[in-house]
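Asker: Sharing a structure, written as structure tokens. Questions coming.
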Amino acid sequence: MENRIFNFNAGPAALPLAVLEEVRDDLISYKGEGLSVMEMSHRSKTFDSIIKEAEELAKEVYSIPDGYHVIFMQGGATLQFAAVPLNLLGENQSADYINTGSWSKKAIAEAEKLGKKVNVIATSEDQNFNYIPDSFSINPDAGYLHITSNNTIFGTQWANYPDTGSVPLVADMSSDIGCRPFDISKFGVIYAGAQKNMGPSGVTFVIIRNDLMEKSPDNIPTMTSYKLIGGKDSLYNTPPTFGIYILKLVLQWVKDGGGLNKLAETNLMKANMIYDILDSSDFYKGTVVKESRSIMNVTFRLPTEDLEKDFIAKTLAEGMIGLKGHRSVGGCRASIYNAVPLEAVKTLTEFMKEFEKSNG
Ligand code: PMP
């Protein structure tokens with residue numbers, strides 16, 4: 001495997017080897033044109049076909065229905081925390097949020113910073129965010145309901161998305177977009193930093209319902225405006241060209257591999273391999289209630305912090321990177337995004353069993 005290690009990083013994260021190989025082959029001279037994608041004009045014919053193909057592939061692979069726009073933006077998911085309220089909230093209109101962890105909190109704080117009225121209609125903070133709330137009532141006048149579909153740090157994921165009626169549902173899907181089929185018609189806006197399931201950092205992927213894209217007020221910063229950037233097919237200014245190119249290759253890889261149904265099957269298998277160990281062991285302990293478990297970020301603890309340190313050091317020595325939990329929560333975390341191969345998870349689970357034998 002060309003000196004590659006098994007990469008369980010939370011993000012930026014593993015990319016498909018086949019994609020990296022194609023990038024390598026075309027790096028110096030893209031399709032024989034004598035320059036790399038990084039060096040070509042974003043207004044060139046070649047780049048125009050790359051960005052259009054990326055958009056078309058996203059529509060195909062994610063089954064994006066008519067009536068939605070795909071936008072490639074910048075500023076990460078963090079800029080979307082501001083963009084969503086700036087674009088979608090009318091004067092004096094409030095927004096509903098569900099707080100399922102650190103990233104939800106940041107989204108809420110950003111909206112509040114902008115002077116927007118925010119109602120947190122449910123939170124799982126009472127149990128240290130180890131579950132996804134299932135009972136809440138949405139304010140019928142809310143500009144939108146915001147959820148974090150997968151909580152990268154706490155290892156929880158929405159199993160089913162809420163019905164929001166006429167209130168647009170907005171989701172931060174940064175850490176689980178495209179891990180399984182998803183019904184886009186339930187959503188007003190979906191956004192994701194690309195650096196987990198879609199490509200490198202620097203590109204933010206947005207899917208937005210056309211009528212919502214038209215709502216952007218004229219007095220918001222250009223780089224946050226869905227109407228301005230979407231209206232120019234993501235070419236208002238210089239977009240992150242190289243990132244969009246890689247994102248296109250990743251979508252092609254998903255398509256060639258059998259699409260989201262096939263990926264979902266493999267992702268579930270990968271996640272269950274680890275969860276089975278957590279469930280059958282007194283040594284490892286999952287941190288999340290079963291119904292809310294993430295198939296992208298599996299979080300767990302060992303009996304002591306010293307054992308966790310030893311576990312992480314030994315996984316590194318065995319060629320596995322990224323198994324340390326987020327610094328804010330400690331413990332261990334295996335991020336097993338789309339591009340993490342089954343073989344990596346097999347290696348990890350075999351190691352986990354051995355480690356338990358020697359230390360349990
Ligand atoms: N939301 C979620 C769910 C995340 O996991 C992250 C990054 N780990 C962010 C938002 C922030 O993304 P960015 O760094 O692209 O701003």
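Labels used: A, B, ... for chains in the order of the structure tokens, numbers from 1 for residues in each chain, and numbers from 1 for ligands as shown.
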Check which residues fall inside 7 Å of ligand 1 when counting only C-alpha atoms and all ligand atoms, and print them as a list in words.

Answerer: Ala10, Gly11, Gly75, Gly76, Ala77, Thr78, Leu79, Trp103, Thr148, Asn150, Asn151, Thr152, Asp172, Met173, Ser174, Ser175, Gly193 and Ser201 of chain A

Asker: Those selected residues, please, written with N, CA, C and O atoms and delivered as a compact mmCIF listing (two decimals), in the first residue's frame.

Answerer:
```txt
# COMPACT_ATOMS: atom_id res chain seq x y z
N ALA A 10 -10.03 12.57 12.42
CA ALA A 10 -11.40 13.11 12.42
C ALA A 10 -11.63 14.14 11.32
O ALA A 10 -12.75 14.45 10.95
N GLY A 11 -10.56 14.70 10.80
CA GLY A 11 -10.69 15.65 9.71
C GLY A 11 -9.69 16.78 9.83
O GLY A 11 -9.54 17.28 10.95
N GLY A 75 -14.47 29.14 3.61
CA GLY A 75 -14.68 29.51 5.01
C GLY A 75 -15.08 28.36 5.91
O GLY A 75 -15.35 28.57 7.09
N GLY A 76 -15.13 27.16 5.37
CA GLY A 76 -15.44 26.00 6.20
C GLY A 76 -16.88 26.00 6.69
O GLY A 76 -17.65 26.92 6.41
N ALA A 77 -17.21 24.96 7.45
CA ALA A 77 -18.55 24.90 8.04
C ALA A 77 -18.73 26.09 8.99
O ALA A 77 -19.85 26.58 9.18
N THR A 78 -17.63 26.57 9.53
CA THR A 78 -17.72 27.68 10.49
C THR A 78 -18.30 28.94 9.86
O THR A 78 -19.07 29.66 10.50
N LEU A 79 -17.98 29.21 8.61
CA LEU A 79 -18.59 30.39 7.98
C LEU A 79 -20.09 30.15 7.74
O LEU A 79 -20.89 31.08 7.78
N TRP A 103 -20.27 21.42 18.10
CA TRP A 103 -20.46 22.13 16.83
C TRP A 103 -21.82 22.80 16.77
O TRP A 103 -21.96 23.90 16.23
N THR A 148 -27.24 19.37 13.80
CA THR A 148 -25.93 18.84 13.40
C THR A 148 -26.15 17.35 13.17
O THR A 148 -26.43 16.62 14.12
N ASN A 150 -24.34 14.82 12.42
CA ASN A 150 -23.40 13.88 13.04
C ASN A 150 -22.46 14.69 13.93
O ASN A 150 -21.88 15.68 13.48
N ASN A 151 -22.35 14.25 15.17
CA ASN A 151 -21.55 15.01 16.13
C ASN A 151 -20.16 14.38 16.25
O ASN A 151 -19.97 13.40 16.99
N THR A 152 -19.26 14.95 15.51
CA THR A 152 -17.91 14.43 15.31
C THR A 152 -17.18 14.16 16.63
O THR A 152 -16.42 13.21 16.75
N ASP A 172 -26.02 20.77 9.41
CA ASP A 172 -24.56 20.72 9.29
C ASP A 172 -24.20 19.24 9.13
O ASP A 172 -24.25 18.47 10.09
N MET A 173 -23.89 18.84 7.90
CA MET A 173 -23.55 17.44 7.63
C MET A 173 -22.05 17.25 7.42
O MET A 173 -21.62 16.35 6.71
N SER A 174 -21.26 18.13 8.05
CA SER A 174 -19.82 18.10 7.80
C SER A 174 -19.21 16.70 7.97
O SER A 174 -18.35 16.31 7.19
N SER A 175 -19.65 15.98 9.00
CA SER A 175 -18.94 14.73 9.25
C SER A 175 -19.72 13.49 8.87
O SER A 175 -19.30 12.37 9.19
N GLY A 193 -18.24 21.06 5.50
CA GLY A 193 -16.83 21.23 5.15
C GLY A 193 -16.43 19.94 4.44
O GLY A 193 -16.81 18.86 4.88
N SER A 201 -9.69 20.03 2.79
CA SER A 201 -10.24 21.23 3.42
C SER A 201 -10.14 22.40 2.44
O SER A 201 -9.36 22.35 1.49
```

Asker: Any idea what's packed within 12 Å of A:Tyr236, counting only C-alpha atoms, ignoring anything in its chain fewer than 6 positions away? Could you give it as JSON, numbers by chain?

Answerer: {"A": [42, 43, 71, 72, 73, 74, 222, 223, 224, 225, 226, 227, 228, 229, 230]}

Asker: For A:Ala194, which residue among A:Ile208, A:Cys332, A:Ala107, A:Ile244 is the nearest when counting only C-alpha atoms?

Answerer: A:Ile244

Asker: Extract the full set of strand (DSSP E) residues from stretch 148-198 of chain A according to DSSP on the backbone, and format it as a ChimeraX atom specification.

Answerer: /A:148,150-151,156-157,169-172,189-193

Asker: From a DSSP pass on the backbone, collect the residues of stretch 82-160 of chain A flagged as alpha helix (DSSP H) and hand them back as a PyMOL selection string.

Answerer: chain A and resi 82-88+102-113

Asker: Keeping only all heavy atoms, write those residues as a tab-separated table (two decimals), in the first residue's frame.

Answerer:
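Written out: out10.tsv:
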```tsv
chain	number	residue	atom	x	y	z
A	82	ALA	N	-22.48	31.37	10.33
A	82	ALA	CA	-22.93	32.76	10.16
A	82	ALA	C	-23.82	32.90	8.92
A	82	ALA	O	-24.82	33.61	8.93
A	82	ALA	CB	-21.73	33.68	10.04
A	83	ALA	N	-23.43	32.19	7.84
A	83	ALA	CA	-24.16	32.37	6.58
A	83	ALA	C	-25.63	31.98	6.71
A	83	ALA	O	-26.51	32.67	6.17
A	83	ALA	CB	-23.49	31.53	5.48
A	84	VAL	N	-25.89	30.90	7.44
A	84	VAL	CA	-27.28	30.42	7.53
A	84	VAL	C	-28.20	31.50	8.13
A	84	VAL	O	-29.18	31.90	7.50
A	84	VAL	CB	-27.34	29.07	8.30
A	84	VAL	CG1	-28.76	28.73	8.70
A	84	VAL	CG2	-26.73	27.96	7.44
A	85	PRO	N	-27.90	32.02	9.33
A	85	PRO	CA	-28.79	33.07	9.85
A	85	PRO	C	-28.76	34.34	9.01
A	85	PRO	O	-29.82	34.98	8.83
A	85	PRO	CB	-28.27	33.34	11.27
A	85	PRO	CG	-26.91	32.72	11.35
A	85	PRO	CD	-26.87	31.63	10.34
A	86	LEU	N	-27.60	34.71	8.48
A	86	LEU	CA	-27.54	35.94	7.68
A	86	LEU	C	-28.43	35.85	6.44
A	86	LEU	O	-29.10	36.80	6.06
A	86	LEU	CB	-26.10	36.21	7.23
A	86	LEU	CG	-25.14	36.79	8.28
A	86	LEU	CD1	-23.71	36.80	7.75
A	86	LEU	CD2	-25.56	38.19	8.70
A	87	ASN	N	-28.44	34.69	5.81
A	87	ASN	CA	-29.21	34.53	4.57
A	87	ASN	C	-30.69	34.26	4.79
A	87	ASN	O	-31.53	34.69	4.01
A	87	ASN	CB	-28.64	33.36	3.75
A	87	ASN	CG	-27.40	33.72	2.97
A	87	ASN	OD1	-27.46	34.23	1.86
A	87	ASN	ND2	-26.24	33.47	3.56
A	88	LEU	N	-30.97	33.48	5.84
A	88	LEU	CA	-32.33	32.92	5.92
A	88	LEU	C	-33.28	33.68	6.83
A	88	LEU	O	-34.49	33.52	6.72
A	88	LEU	CB	-32.28	31.46	6.37
A	88	LEU	CG	-31.50	30.48	5.48
A	88	LEU	CD1	-31.73	29.05	5.94
A	88	LEU	CD2	-31.88	30.61	4.00
A	102	SER	N	-20.60	20.21	20.69
A	102	SER	CA	-19.74	21.38	20.49
A	102	SER	C	-20.03	22.15	19.21
A	102	SER	O	-20.03	23.38	19.20
A	102	SER	CB	-18.28	20.95	20.45
A	102	SER	OG	-18.01	20.05	21.46
A	103	TRP	N	-20.27	21.42	18.10
A	103	TRP	CA	-20.46	22.13	16.83
A	103	TRP	C	-21.82	22.80	16.77
A	103	TRP	O	-21.96	23.90	16.23
A	103	TRP	CB	-20.23	21.19	15.63
A	103	TRP	CG	-18.82	20.69	15.64
A	103	TRP	CD1	-18.40	19.40	15.86
A	103	TRP	CD2	-17.62	21.48	15.46
A	103	TRP	NE1	-17.03	19.35	15.84
A	103	TRP	CE2	-16.52	20.58	15.60
A	103	TRP	CE3	-17.38	22.82	15.22
A	103	TRP	CZ2	-15.20	21.02	15.48
A	103	TRP	CZ3	-16.06	23.25	15.10
A	103	TRP	CH2	-14.99	22.36	15.23
A	104	SER	N	-22.83	22.17	17.37
A	104	SER	CA	-24.14	22.84	17.46
A	104	SER	C	-23.99	24.12	18.28
A	104	SER	O	-24.53	25.18	17.93
A	104	SER	CB	-25.17	21.98	18.18
A	104	SER	OG	-25.28	20.71	17.64
A	105	LYS	N	-23.25	24.02	19.39
A	105	LYS	CA	-23.07	25.18	20.27
A	105	LYS	C	-22.42	26.33	19.51
A	105	LYS	O	-22.77	27.49	19.69
A	105	LYS	CB	-22.16	24.81	21.44
A	105	LYS	CG	-22.86	24.21	22.62
A	105	LYS	CD	-21.84	24.12	23.75
A	105	LYS	CE	-22.48	23.61	25.02
A	105	LYS	NZ	-21.49	23.41	26.08
A	106	LYS	N	-21.44	25.96	18.69
A	106	LYS	CA	-20.75	27.02	17.94
A	106	LYS	C	-21.69	27.66	16.92
A	106	LYS	O	-21.63	28.87	16.69
A	106	LYS	CB	-19.52	26.44	17.25
A	106	LYS	CG	-18.43	26.12	18.26
A	106	LYS	CD	-17.07	26.03	17.62
A	106	LYS	CE	-16.04	25.99	18.75
A	106	LYS	NZ	-14.75	25.50	18.40
A	107	ALA	N	-22.54	26.83	16.32
A	107	ALA	CA	-23.52	27.37	15.35
A	107	ALA	C	-24.47	28.33	16.06
A	107	ALA	O	-24.79	29.41	15.55
A	107	ALA	CB	-24.27	26.22	14.68
A	108	ILE	N	-24.91	27.93	17.24
A	108	ILE	CA	-25.83	28.77	18.03
A	108	ILE	C	-25.14	30.08	18.42
A	108	ILE	O	-25.70	31.17	18.24
A	108	ILE	CB	-26.30	28.00	19.29
A	108	ILE	CG1	-27.19	26.81	18.89
A	108	ILE	CG2	-27.01	28.92	20.28
A	108	ILE	CD1	-27.37	25.76	19.96
A	109	ALA	N	-23.91	29.96	18.92
A	109	ALA	CA	-23.19	31.15	19.38
A	109	ALA	C	-22.96	32.13	18.24
A	109	ALA	O	-23.05	33.35	18.42
A	109	ALA	CB	-21.85	30.73	19.99
A	110	GLU	N	-22.71	31.62	17.05
A	110	GLU	CA	-22.44	32.50	15.90
A	110	GLU	C	-23.71	33.27	15.52
A	110	GLU	O	-23.65	34.46	15.22
A	110	GLU	CB	-21.92	31.66	14.72
A	110	GLU	CG	-21.26	32.45	13.62
A	110	GLU	CD	-19.89	33.02	13.99
A	110	GLU	OE1	-19.37	32.73	15.08
A	110	GLU	OE2	-19.36	33.79	13.16
A	111	ALA	N	-24.85	32.58	15.53
A	111	ALA	CA	-26.11	33.26	15.21
A	111	ALA	C	-26.39	34.35	16.24
A	111	ALA	O	-26.81	35.46	15.90
A	111	ALA	CB	-27.25	32.24	15.16
A	112	GLU	N	-26.13	34.01	17.51
A	112	GLU	CA	-26.38	35.00	18.58
A	112	GLU	C	-25.46	36.21	18.47
A	112	GLU	O	-25.86	37.34	18.69
A	112	GLU	CB	-26.23	34.33	19.95
A	112	GLU	CG	-27.44	33.44	20.26
A	112	GLU	CD	-27.29	32.64	21.54
A	112	GLU	OE1	-26.15	32.43	22.00
A	112	GLU	OE2	-28.34	32.21	22.07
A	113	LYS	N	-24.22	35.92	18.09
A	113	LYS	CA	-23.24	36.99	17.92
A	113	LYS	C	-23.72	38.01	16.88
A	113	LYS	O	-23.42	39.19	16.95
A	113	LYS	CB	-21.96	36.33	17.41
A	113	LYS	CG	-20.69	37.07	17.70
A	113	LYS	CD	-19.60	36.31	16.94
A	113	LYS	CE	-18.31	36.30	17.65
A	113	LYS	NZ	-17.27	35.58	16.93
```

Asker: Which of these residues is nearest to A:Leu15, using only C-alpha atoms: A:Gln195, A:Asn128, A:Thr349, A:Ser234?

Answerer: A:Gln195

Asker: Using only C-alpha atoms, find the one residue out of A:Met296, A:Leu251, A:Ile147, A:Leu212 that sits nearest to A:Gly90.

Answerer: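 Of A:Met296, A:Leu251, A:Ile147, A:Leu212, the one nearest A:Gly90, counting only C-alpha atoms, is A:Leu212.
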
Asker: Find the distance between atom CA of A:Val189 and atom CA of A:Gly325 and write it in Å to one decimal.

Answerer: 29.3 Å

Asker: Excluding same-chain residues fewer than 6 positions from stretch 303-311 of chain A, what lies within 8 Å of it counting only C-alpha atoms, as a PDB file with N, CA, C and O atoms, in the first residue's frame?

Answerer:
```pdb
ATOM      1  N   PHE A 283     -14.069  -4.163  29.115  1.00  0.00           N
ATOM      2  CA  PHE A 283     -12.832  -3.385  29.086  1.00  0.00           C
ATOM      3  C   PHE A 283     -13.061  -2.071  28.342  1.00  0.00           C
ATOM      4  O   PHE A 283     -12.784  -0.986  28.848  1.00  0.00           O
ATOM      5  N   TYR A 284     -13.615  -2.199  27.145  1.00  0.00           N
ATOM      6  CA  TYR A 284     -13.958  -1.007  26.353  1.00  0.00           C
ATOM      7  C   TYR A 284     -15.388  -0.594  26.674  1.00  0.00           C
ATOM      8  O   TYR A 284     -16.253  -1.453  26.876  1.00  0.00           O
ATOM      9  N   GLY A 331     -10.526  10.256  25.960  1.00  0.00           N
ATOM     10  CA  GLY A 331     -10.905   8.932  25.478  1.00  0.00           C
ATOM     11  C   GLY A 331     -10.370   8.641  24.087  1.00  0.00           C
ATOM     12  O   GLY A 331      -9.405   9.256  23.632  1.00  0.00           O
ATOM     13  N   CYS A 332     -11.036   7.713  23.410  1.00  0.00           N
ATOM     14  CA  CYS A 332     -10.599   7.291  22.082  1.00  0.00           C
ATOM     15  C   CYS A 332     -11.722   7.503  21.069  1.00  0.00           C
ATOM     16  O   CYS A 332     -12.901   7.499  21.428  1.00  0.00           O
ATOM     17  N   PHE A 355      -5.199  -6.127  22.596  1.00  0.00           N
ATOM     18  CA  PHE A 355      -4.885  -5.185  23.680  1.00  0.00           C
ATOM     19  C   PHE A 355      -5.698  -5.526  24.936  1.00  0.00           C
ATOM     20  O   PHE A 355      -5.188  -5.471  26.050  1.00  0.00           O
TER      21      PHE A 355
END
```

Asker: At a cut-off of 12 Å, using only C-alpha atoms, what residues contact A:Val37? Leave out same-chain residues fewer than 2 positions from it and give the result as an MDAnalysis selection string.

Answerer: chainID A and resid 23:35 39:51 240:246

Asker: Those same residues - N, CA, C and O atoms - I'd like them written as a tab-separated table (two decimals), in the first residue's frame.

Answerer:
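Here's the written file part-v4.tsv:
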```tsv
chain	number	residue	atom	x	y	z
A	23	VAL	N	-4.73	12.02	-8.87
A	23	VAL	CA	-4.22	13.39	-8.69
A	23	VAL	C	-2.73	13.41	-8.98
A	23	VAL	O	-2.22	14.29	-9.68
A	24	ARG	N	-2.02	12.43	-8.43
A	24	ARG	CA	-0.57	12.35	-8.65
A	24	ARG	C	-0.26	12.25	-10.15
A	24	ARG	O	0.58	13.00	-10.67
A	25	ASP	N	-0.96	11.38	-10.84
A	25	ASP	CA	-0.67	11.17	-12.26
A	25	ASP	C	-0.92	12.43	-13.08
A	25	ASP	O	-0.27	12.65	-14.09
A	26	ASP	N	-1.89	13.23	-12.65
A	26	ASP	CA	-2.25	14.43	-13.43
A	26	ASP	C	-1.70	15.71	-12.83
A	26	ASP	O	-2.06	16.81	-13.27
A	27	LEU	N	-0.84	15.56	-11.82
A	27	LEU	CA	-0.45	16.76	-11.06
A	27	LEU	C	0.32	17.78	-11.90
A	27	LEU	O	0.01	18.96	-11.91
A	28	ILE	N	1.32	17.32	-12.59
A	28	ILE	CA	2.23	18.25	-13.28
A	28	ILE	C	1.61	18.75	-14.58
A	28	ILE	O	1.76	19.91	-14.97
A	29	SER	N	0.91	17.85	-15.24
A	29	SER	CA	0.33	18.22	-16.52
A	29	SER	C	-1.05	17.58	-16.64
A	29	SER	O	-1.19	16.41	-16.99
A	30	TYR	N	-2.07	18.37	-16.32
A	30	TYR	CA	-3.44	17.83	-16.28
A	30	TYR	C	-3.89	17.40	-17.67
A	30	TYR	O	-3.97	18.24	-18.58
A	31	LYS	N	-4.14	16.13	-17.82
A	31	LYS	CA	-4.58	15.55	-19.11
A	31	LYS	C	-3.71	16.03	-20.27
A	31	LYS	O	-4.22	16.36	-21.36
A	32	GLY	N	-2.42	16.17	-20.00
A	32	GLY	CA	-1.49	16.56	-21.07
A	32	GLY	C	-1.55	18.02	-21.47
A	32	GLY	O	-0.98	18.44	-22.47
A	33	GLU	N	-2.22	18.85	-20.66
A	33	GLU	CA	-2.34	20.27	-21.03
A	33	GLU	C	-1.10	21.09	-20.71
A	33	GLU	O	-1.00	22.26	-21.07
A	34	GLY	N	-0.16	20.48	-19.96
A	34	GLY	CA	1.09	21.17	-19.68
A	34	GLY	C	1.06	22.04	-18.43
A	34	GLY	O	2.00	22.80	-18.18
A	35	LEU	N	0.00	21.98	-17.68
A	35	LEU	CA	-0.07	22.70	-16.40
A	35	LEU	C	-0.99	21.94	-15.45
A	35	LEU	O	-1.78	21.09	-15.88
A	39	GLU	N	-2.79	25.56	-11.38
A	39	GLU	CA	-2.19	26.68	-12.10
A	39	GLU	C	-3.10	27.25	-13.19
A	39	GLU	O	-2.72	28.17	-13.89
A	40	MET	N	-4.26	26.64	-13.36
A	40	MET	CA	-5.08	27.13	-14.49
A	40	MET	C	-6.12	28.15	-14.03
A	40	MET	O	-6.51	28.19	-12.87
A	41	SER	N	-6.55	28.97	-14.95
A	41	SER	CA	-7.55	29.98	-14.63
A	41	SER	C	-8.87	29.32	-14.23
A	41	SER	O	-9.29	28.32	-14.82
A	42	HIS	N	-9.51	29.90	-13.23
A	42	HIS	CA	-10.84	29.39	-12.86
A	42	HIS	C	-11.86	29.73	-13.93
A	42	HIS	O	-12.98	29.25	-13.90
A	43	ARG	N	-11.48	30.59	-14.88
A	43	ARG	CA	-12.39	30.91	-16.00
A	43	ARG	C	-12.06	30.08	-17.24
A	43	ARG	O	-12.63	30.30	-18.31
A	44	SER	N	-11.08	29.18	-17.12
A	44	SER	CA	-10.70	28.40	-18.31
A	44	SER	C	-11.77	27.35	-18.64
A	44	SER	O	-12.56	26.96	-17.78
A	45	LYS	N	-11.75	26.92	-19.87
A	45	LYS	CA	-12.69	25.89	-20.33
A	45	LYS	C	-12.51	24.62	-19.51
A	45	LYS	O	-13.47	23.96	-19.15
A	46	THR	N	-11.23	24.28	-19.28
A	46	THR	CA	-10.95	23.02	-18.57
A	46	THR	C	-11.51	23.08	-17.15
A	46	THR	O	-12.18	22.15	-16.71
A	47	PHE	N	-11.25	24.18	-16.45
A	47	PHE	CA	-11.77	24.23	-15.09
A	47	PHE	C	-13.29	24.30	-15.08
A	47	PHE	O	-13.95	23.72	-14.22
A	48	ASP	N	-13.83	24.99	-16.07
A	48	ASP	CA	-15.28	25.07	-16.15
A	48	ASP	C	-15.90	23.67	-16.26
A	48	ASP	O	-16.92	23.38	-15.64
A	49	SER	N	-15.23	22.81	-17.03
A	49	SER	CA	-15.82	21.47	-17.13
A	49	SER	C	-15.60	20.68	-15.83
A	49	SER	O	-16.44	19.87	-15.46
A	50	ILE	N	-14.52	20.95	-15.12
A	50	ILE	CA	-14.29	20.27	-13.83
A	50	ILE	C	-15.38	20.66	-12.83
A	50	ILE	O	-16.00	19.81	-12.19
A	51	ILE	N	-15.65	21.94	-12.71
A	51	ILE	CA	-16.63	22.38	-11.70
A	51	ILE	C	-18.05	21.94	-12.08
A	51	ILE	O	-18.84	21.52	-11.22
A	240	PRO	N	-11.97	27.65	-4.53
A	240	PRO	CA	-10.86	26.75	-4.20
A	240	PRO	C	-10.75	25.67	-5.28
A	240	PRO	O	-11.29	24.56	-5.16
A	241	THR	N	-10.07	26.01	-6.37
A	241	THR	CA	-10.11	25.19	-7.59
A	241	THR	C	-9.59	23.77	-7.38
A	241	THR	O	-10.21	22.81	-7.83
A	242	PHE	N	-8.45	23.68	-6.69
A	242	PHE	CA	-7.86	22.35	-6.56
A	242	PHE	C	-8.73	21.45	-5.67
A	242	PHE	O	-8.92	20.27	-5.95
A	243	GLY	N	-9.30	22.04	-4.64
A	243	GLY	CA	-10.18	21.28	-3.76
A	243	GLY	C	-11.43	20.80	-4.50
A	243	GLY	O	-11.88	19.67	-4.31
A	244	ILE	N	-11.97	21.65	-5.35
A	244	ILE	CA	-13.17	21.26	-6.10
A	244	ILE	C	-12.83	20.11	-7.07
A	244	ILE	O	-13.61	19.17	-7.25
A	245	TYR	N	-11.65	20.18	-7.64
A	245	TYR	CA	-11.20	19.11	-8.54
A	245	TYR	C	-11.10	17.78	-7.78
A	245	TYR	O	-11.61	16.74	-8.25
A	246	ILE	N	-10.52	17.81	-6.59
A	246	ILE	CA	-10.40	16.55	-5.83
A	246	ILE	C	-11.78	16.07	-5.38
A	246	ILE	O	-12.08	14.87	-5.45
```

Asker: Just the residues within 12 Å of A:Gln252, please, counting only C-alpha atoms, with nothing from its chain fewer than 2 positions along; format it as a PyMOL selection string.

Answerer: chain A and resi 16+18-19+22+50+53-62+198-199+245-250+254-260

Asker: If we count only C-alpha atoms and set the cut-off at 7 Å, which residues sit around A:Ile98, ignoring sequence neighbours fewer than 5 positions away in its own chain? Please answer as a ChimeraX atom specification.

Answerer: /A:120-123,146-147

Asker: Restricting the output to all heavy atoms, write the selected residues as a PDB file, in the first residue's frame.

Answerer:
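Done, and the output landed in again_24.pdb:
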```pdb
ATOM      1  N   VAL A 120     -33.255  27.466  21.502  1.00  0.00           N
ATOM      2  CA  VAL A 120     -32.730  26.096  21.567  1.00  0.00           C
ATOM      3  C   VAL A 120     -33.882  25.222  22.039  1.00  0.00           C
ATOM      4  O   VAL A 120     -34.257  25.240  23.205  1.00  0.00           O
ATOM      5  CB  VAL A 120     -31.512  26.018  22.511  1.00  0.00           C
ATOM      6  CG1 VAL A 120     -30.992  24.584  22.586  1.00  0.00           C
ATOM      7  CG2 VAL A 120     -30.412  26.957  22.016  1.00  0.00           C
ATOM      8  N   ILE A 121     -34.473  24.480  21.106  1.00  0.00           N
ATOM      9  CA  ILE A 121     -35.714  23.760  21.440  1.00  0.00           C
ATOM     10  C   ILE A 121     -35.446  22.380  22.033  1.00  0.00           C
ATOM     11  O   ILE A 121     -36.356  21.734  22.525  1.00  0.00           O
ATOM     12  CB  ILE A 121     -36.680  23.660  20.222  1.00  0.00           C
ATOM     13  CG1 ILE A 121     -36.024  22.914  19.063  1.00  0.00           C
ATOM     14  CG2 ILE A 121     -37.158  25.045  19.785  1.00  0.00           C
ATOM     15  CD1 ILE A 121     -37.025  22.475  17.996  1.00  0.00           C
ATOM     16  N   ALA A 122     -34.208  21.918  21.974  1.00  0.00           N
ATOM     17  CA  ALA A 122     -33.848  20.655  22.638  1.00  0.00           C
ATOM     18  C   ALA A 122     -32.339  20.598  22.768  1.00  0.00           C
ATOM     19  O   ALA A 122     -31.617  21.176  21.958  1.00  0.00           O
ATOM     20  CB  ALA A 122     -34.343  19.454  21.825  1.00  0.00           C
ATOM     21  N   THR A 123     -31.886  19.909  23.801  1.00  0.00           N
ATOM     22  CA  THR A 123     -30.449  19.750  23.992  1.00  0.00           C
ATOM     23  C   THR A 123     -30.192  18.401  24.673  1.00  0.00           C
ATOM     24  O   THR A 123     -31.047  17.918  25.416  1.00  0.00           O
ATOM     25  CB  THR A 123     -29.862  20.890  24.845  1.00  0.00           C
ATOM     26  OG1 THR A 123     -28.491  20.593  25.136  1.00  0.00           O
ATOM     27  CG2 THR A 123     -30.605  21.088  26.148  1.00  0.00           C
ATOM     28  N   HIS A 146     -32.199  24.232  12.859  1.00  0.00           N
ATOM     29  CA  HIS A 146     -30.821  23.803  12.570  1.00  0.00           C
ATOM     30  C   HIS A 146     -30.452  22.577  13.401  1.00  0.00           C
ATOM     31  O   HIS A 146     -30.636  22.572  14.620  1.00  0.00           O
ATOM     32  CB  HIS A 146     -29.844  24.939  12.894  1.00  0.00           C
ATOM     33  CG  HIS A 146     -28.406  24.613  12.607  1.00  0.00           C
ATOM     34  ND1 HIS A 146     -27.635  23.818  13.435  1.00  0.00           N
ATOM     35  CD2 HIS A 146     -27.592  24.949  11.564  1.00  0.00           C
ATOM     36  CE1 HIS A 146     -26.412  23.697  12.920  1.00  0.00           C
ATOM     37  NE2 HIS A 146     -26.363  24.382  11.790  1.00  0.00           N
ATOM     38  N   ILE A 147     -29.934  21.555  12.723  1.00  0.00           N
ATOM     39  CA  ILE A 147     -29.406  20.382  13.435  1.00  0.00           C
ATOM     40  C   ILE A 147     -27.979  20.084  12.965  1.00  0.00           C
ATOM     41  O   ILE A 147     -27.575  20.500  11.880  1.00  0.00           O
ATOM     42  CB  ILE A 147     -30.280  19.119  13.221  1.00  0.00           C
ATOM     43  CG1 ILE A 147     -30.289  18.692  11.742  1.00  0.00           C
ATOM     44  CG2 ILE A 147     -31.698  19.315  13.737  1.00  0.00           C
ATOM     45  CD1 ILE A 147     -30.863  17.304  11.489  1.00  0.00           C
TER      46      ILE A 147
END
```

Asker: Atom CA of A:Tyr275 to atom CA of A:Ala171: how many Å, to one decimal?

Answerer: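 Separating atom CA of A:Tyr275 from atom CA of A:Ala171 is a distance of 25.7 Å.
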
Asker: Restricting the calculation to only C-alpha atoms, which member of A:Val118, A:Ile295, A:Leu316, A:Met352 is positioned closest to A:Gln93?

Answerer: A:Val118

Asker: Env of stretch 326-329 of chain A: 8 Å cut, atoms = only C-alpha atoms, seq-sep filter 4 positions within chain, self excluded. Answer as an MDAnalysis selection string.

Answerer: chainID A and resid 153:154 333

Asker: With N, CA and C atoms retained, write the just-selected residues as a tab-separated table (two decimals), in the first residue's frame.

Answerer:
```
chain	number	residue	atom	x	y	z
A	153	ILE	N	-17.41	15.02	17.61
A	153	ILE	CA	-16.68	14.91	18.87
A	153	ILE	C	-17.33	13.90	19.82
A	154	PHE	N	-18.69	13.93	19.88
A	154	PHE	CA	-19.38	13.07	20.85
A	154	PHE	C	-19.79	11.72	20.27
A	333	ARG	N	-11.32	7.68	19.84
A	333	ARG	CA	-12.31	7.87	18.77
A	333	ARG	C	-11.73	7.31	17.49
```
